[in-house]
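*Asks:* Quick one: structure below, then a few questions.
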Amino acid sequence: MSRALDQEFLLDSKALQHAVALMEQSVVSGSSTTLEGALPETGMGSLATLDRLAPLVLGQAARLGSPVAFAHKDPPTPWITWATTLWNASLNQNLLHPATAPVARQLEEKVVEWLCPYFGMTGGHMTPGSSAANLTALWAARECAGVTEVVASDSAHLSIKKSAHILGLRFTMIPTDERGVLNVEALPKDLSRAALVLTSGTTSVGALDPLTLIGQAAWTHVDAAWGGPLRLTRYADHLAGIERADSVAVSSHKWLFQPKESALVFFRNSAQATEAISFGGAYLTEPNVGLLGSHGATAIPLLAMLMSWGREGVAQRIEHCMDMADQLAEYIGNEARLELFALPTTGIVVWRARSQPVFEHLLKALPVGMTSTVTIGQDKWLRNTAANPNADMPLMIETIRKVLNEA
């Protein structure tokens with residue numbers, strides 16, 4: 001007699017509809033719901049678990065698509081990525097083995113094929129984030145160009161220094177100027193054994209290192225985790241010259257509005273780089289490329305969004321974010337009680353109150369998720385990041401004005 005199938009591994013449409021219904025409910029954020037005690041000996045069942053977790057997972061989460069969410073580089077995600085992520089979870093494809101992910105492998109190749117020309121690259125692959133993309137690129141630099149040193153600005157992402165350490169490469173930090181841009185005059189004279197890392201959209205202020213430096217080192221990597229998607233927009237010239245780089249990293253879970261963890265690493269000479277960072281194994285039918293062994297189908301939500309919106313739809317949303325950053329910067333620049341660090345170039349607005357007591361009042365009184373802080377030199381500044389297309393800029397400006405008047 002055959003054994004009955006385990007229903008927990010089969011489609012339950014009503015249960016999934018219940019999960020969506022819980023998403024639709026107005027679960028109060030900040031609920032005191034917690035999980036206590038040890039792992040239960042006897043499970044409570046799937047539906048009861050969803051009901052128990054909803055006030056915690058949904059109710060206490062940050063709302064990245066709220067009207068005043070403008071503090072961080074983490075965007076809301078379009079609903080089509082929720083649906084395709086559900087598909088991915090139901091299939092659990094593993095791109096390490098073609099037999100377990102025949103279509104998913106092809107679709108990742110298609111995403112890379114669509115996007116790499118905007119950066120002048122010939123190929124690449126997806127990674128779980130730009131930290132892994134940066135490490136992969138510098139690994140390729142070591143293998144393909146024989147670099148022994150990584151050179152980057154003091155505003156470069158921490159993953160650059162971390163990657164140099166992991167790869168056994170010397171790390172040289174270059175100071176930045178008053179705008180947060182790499183100081184060209186401070187570069188070493190000899191870059192013949194160096195991988196030069198240029199940042200397109202620094203973490204703190206969104207600065208753009210000069211891409212005119214590409215070609216002066218043995219290998220040039222552009223960390224375009226934040227600013228890279230501008231290449232699909234009317235602001236493409238902000239990253240003019242990126243096509244001459246040896247490698248580029250782009251974080252698709254930032255300005256390409258993807259769920260964590262989704263990024264891309266591209267190479268100008270993809271064939272050479274891919275061969276250098278590929279390994280085989282007795283259990284593999286094809287070489288394993290890059291850092292990851294098992295690798296999920298993270299390209300599918302990105303592919304779906306690109307198909308749904310097209311390049312124009314992606315550009316429209318990023319350009320809208322840029323416009324909102326400009327509106328905020330204009331208000332701050334015209335407000336005598338506030339000081340603007342610099343005009344935003346990649347949608348990041350850094351500012352502060354001219355009075356320290358007013359600064360502290362703003363920090364405490366502005367809504368959670370609206371504004372973050374960043375330290376530049378010894379000074380603390382407020383920072384807004386244009387990652388949320390649904391932000392309400394008039395509301396945020398009015399909120400800042402109201403808080404200022406209360407100080």
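We label chains A, B, ... in the order they appear in the structure tokens, count residues from 1 in each chain, and number ligands from 1 in the order shown.
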Each residue of region 36-103 of chain A with at least one atom at most 12 Å from region 224-236 of chain A should appear once, together with its nearest atom pair and the corresponding distance in Å (one decimal); atoms considered: only C-alpha atoms; ordering: chain, then increasing residue number; output as a tab-separated table.

*Replies:*
residue	atom	partner	partner_atom	distance
A:His72	CA	A:Trp226	CA	11.2
A:Lys73	CA	A:Trp226	CA	7.8
A:Asp74	CA	A:Trp226	CA	10.2
A:Pro75	CA	A:Trp226	CA	11.4

*Asks:* Neighbouring residues of Ile397 (chain A) were defined as those with any atom within 9 Å, considering only C-alpha atoms; residues of the same chain fewer than 5 positions away were excluded. Please report them as a ChimeraX atom specification.

*Replies:* /A:327-328,331-332,392,402

*Asks:* Mind the document's chain letters and residue numbers, and return as a ChimeraX atom specification the residues of region 58-183 of chain A that DSSP labels helix (DSSP H, G or I).

*Replies:* /A:79-91,98-100,102-119,130-145,158-167

*Asks:* I'd like to know which of A:Ala132, A:Leu115, A:Pro98, A:Thr220 is closest to Ala152 (chain A), using only C-alpha atoms.

*Replies:* A:Thr220

*Asks:* Measuring atom to atom with only C-alpha atoms, identify which of A:Val112, A:Leu95, A:Leu362, A:Met322 is nearest to Ser294 (chain A).

*Replies:* A:Leu95

*Asks:* Skip region 300-310 of chain A itself and residues of its chain fewer than 5 positions away, then list as a PyMOL selection string all residues within 10 Å of it, counting only C-alpha atoms.

*Replies:* chain A and resi 77-88+103-105+107-108+110-112+114-115+252-253+256-259+262-263+315-317

*Asks:* Give me the residues within 10 Å of Arg63 (chain A) as a list in words, counting only C-alpha atoms and dropping any in the same chain fewer than 2 places off.

*Replies:*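 The residues satisfying every condition are Ser29, Leu58, Gly59, Gln60, Ala61, Gly65, Ser66, Pro67, Val68, Ala69, Pro75, Pro76, Val368 and Gly369 of chain A.
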
*Asks:* Write out as a ChimeraX atom specification all residues of region 58-197 of chain A that DSSP puts in strand (DSSP E) for this structure's backbone.

*Replies:* /A:123-127,149-153,170-174,194-197

*Asks:* Could you give me, as a count of residues only, the residues within 12 Å of Ala240 (chain A), counting only C-alpha atoms and dropping anything in the same chain fewer than 6 positions from it?

*Replies:* 17

*Asks:* Please identify all polymer residues within 10 Å of Leu47 (chain A), counting only C-alpha atoms, omitting same-chain residues fewer than 5 positions from it, and present them as number ranges by chain.

*Replies:* A: 14-16, 18-19, 52-53

*Asks:* In Å to one decimal, how far is CA of Met396 (chain A) from CA of Arg354 (chain A)?

*Replies:*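 Distance between the two atoms: 19.3 Å.
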